[in-house]
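Notes follow the structure.
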Amino acid sequence: MNSITFKIEKKLKGKLGRAGILKTPHGEIETPAFVVVGTKATVKSVNPEQVRDAGAQVVLANTYHLYLQPGDETVKKMGGLNKMMNWHGPTMTDSGGFQIFSLGVAYKKGISKVIQITNPSLLIPERFDDTDAPRLAKVGQDGVSFTSHLDGSIHYITPEKSIQIQHNLGADMIFAFDECTSPSEDLKYQNEALERTHNWAERSLREHNKLNTENKVALFGIVQGGREEKLRKKSAKFISELRVLRSLGEAGEAEEIGFDGFGIGGSFAKEDMSTAVKWVNDILPEDKPRHLLGIGEPEDLFMGIENGVDLFDCVLPTRLGRNGTIYTKYGKIHITNTTYREDLKPIEEDCECYTCKNYSRAYLAHLFHGKEMLGGTLASIHNIHFIVGLVKKIRQSIFDDNFEEYKKEFLTKYVK
RNA sequence: GCGCCGGUCGUAUAGUGGCAAUUACACGAGACUGUAAAUCUUGCGGCUUCGGCCUUCGGGGGUUCGAGUCCCUCCCGGCGCA
């Protein structure tokens, strides 16, 4: 009996894309699916009923943040992630690997998850030879030391520790501890980092194997390798084929176990993303779910799905929403712009979300100008509905055999 | 009527001889991709070939190389005494 099962129901002709169903202990996920991010066990500004009503099937929380506050043991005492946050559906946790990047090389530097290759200076390693620069995460031999942004305390996270924390948090699907590298690192470093990620993958899998006695938790391995084709393919192969032995009781028998699913990680140059995803998904086993970590924008979702991605997560719908940027089928709008102050239309006329059914742009503009909390909530609800809904529509287009037409129709109207 | 205090970029302020002028809010625009983010950046007198140029601190006049700052006068507001 596996913790999760994945069944492909329909494939995209001539492409790697597919639509399927992922079964977890807390319910089914129709894939491709967009996972809503709730880093600290809350989707910021939105309650679980609103998250569900906006169409979300699954939420993702973060190991690093919940370990620091309130502490994974405390989460466990509260009954685990689902019970604590009153979310009844499937859950995931990220391993903390992204914080190696965001609190490390990327710390205070304007390097983000996705960079534009039109700014090539970000890709020149020499420009970033700043080993002395202050950072809150430092990679060591065995794990990573983090300086807490909350109180300055030092914490050493190893793959084993990350997996232990994640088991305490109690999500259905968890991730191996990996190192998300910056594209500004040179090839030598990318190589070293990848070796480390592979080593950590094995240690994560072993620790998970020890702790997963009830077989309720699924572990996803993460493919890294930066922008290098060789490294990406090497990583996909290694992570796919990684096995550890699990004993089957007293008789001394053992079975080989590998990862239940796969994550594709890294900080991408936008232009490189599709080729990297393609390299990797060509190699990853077809019968296991694939999660493109931390992506993305509407155009990225089409790209990912057509190249065989089953799951996405991204902070954008909620972060943008909170900050007054709202998705529409014609592109994003800034609701605080003067033009919306007396605009009585909903964000989108034909949108079925709670926000669009009940409120005008003018009211949202008012809430944002007045710094009322409800503004961020209503905008987040719409953005979640929009992005989650977009992935659902793309999924439907796979079943309807009109993926290409839908993609073209959407992207023609949608102005970046 | 007399005395005192005060009038600075939408608002509130800083500024006591070198100032296109502080700070906050408001306003305008932008950014955000496994969330140190309900955050951050940036503009906010006009023009600019980005070197500058012009016009500004209640009105008018004066002193000075130079005035938001000093002097005179007028206008407006607040307080006190008649």
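In the structure tokens, the first chain shown is A, the next is B, and so on; residue numbers restart at 1 for each chain, and ligands run from 1 in the order shown.
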
Could you list, with a cut-off of 12 Å and counting only C-alpha atoms (C1' of nucleotides), the residues of chain B near chain A, each shown with its nearest atom pair and the distance in Å rounded to one decimal, rows sorted by chain and ascending number, as JSON lines?
{"residue": "B:A26", "atom": "C1'", "partner": "A:His369", "partner_atom": "CA", "distance": 10.0}
{"residue": "B:C27", "atom": "C1'", "partner": "A:Thr338", "partner_atom": "CA", "distance": 9.7}
{"residue": "B:G28", "atom": "C1'", "partner": "A:Asn337", "partner_atom": "CA", "distance": 8.3}
{"residue": "B:A29", "atom": "C1'", "partner": "A:Asn337", "partner_atom": "CA", "distance": 8.5}
{"residue": "B:G30", "atom": "C1'", "partner": "A:His334", "partner_atom": "CA", "distance": 9.7}
{"residue": "B:A31", "atom": "C1'", "partner": "A:Leu320", "partner_atom": "CA", "distance": 10.3}
{"residue": "B:C32", "atom": "C1'", "partner": "A:Leu320", "partner_atom": "CA", "distance": 6.9}
{"residue": "B:U33", "atom": "C1'", "partner": "A:Gly296", "partner_atom": "CA", "distance": 4.9}
{"residue": "B:G34", "atom": "C1'", "partner": "A:Gly294", "partner_atom": "CA", "distance": 4.3}
{"residue": "B:U35", "atom": "C1'", "partner": "A:Val315", "partner_atom": "CA", "distance": 6.4}
{"residue": "B:A36", "atom": "C1'", "partner": "A:His149", "partner_atom": "CA", "distance": 5.8}
{"residue": "B:A37", "atom": "C1'", "partner": "A:Arg319", "partner_atom": "CA", "distance": 7.4}
{"residue": "B:A38", "atom": "C1'", "partner": "A:Arg322", "partner_atom": "CA", "distance": 5.6}
{"residue": "B:U39", "atom": "C1'", "partner": "A:Asn323", "partner_atom": "CA", "distance": 7.8}
{"residue": "B:C40", "atom": "C1'", "partner": "A:Asn323", "partner_atom": "CA", "distance": 10.5}
{"residue": "B:U41", "atom": "C1'", "partner": "A:Gly110", "partner_atom": "CA", "distance": 11.3}

Can you list every residue in range 133-167 of chain A that DSSP puts in strand (DSSP E or B), as a VMD selection string?
chain A and resid 137 to 139 144 to 147 154 to 157

Enter the distance from CA of Asn209 in chain A to CA of Ile174 in chain A, in Å, rounded to one decimal.
12.5 Å

What's the 8 Å shell around range 52-64 of chain B, counting only C-alpha atoms (C1' of nucleotides), without same-chain residues fewer than 5 positions away, as a ChimeraX atom specification?
/B:7-8,20,45-47,70-76
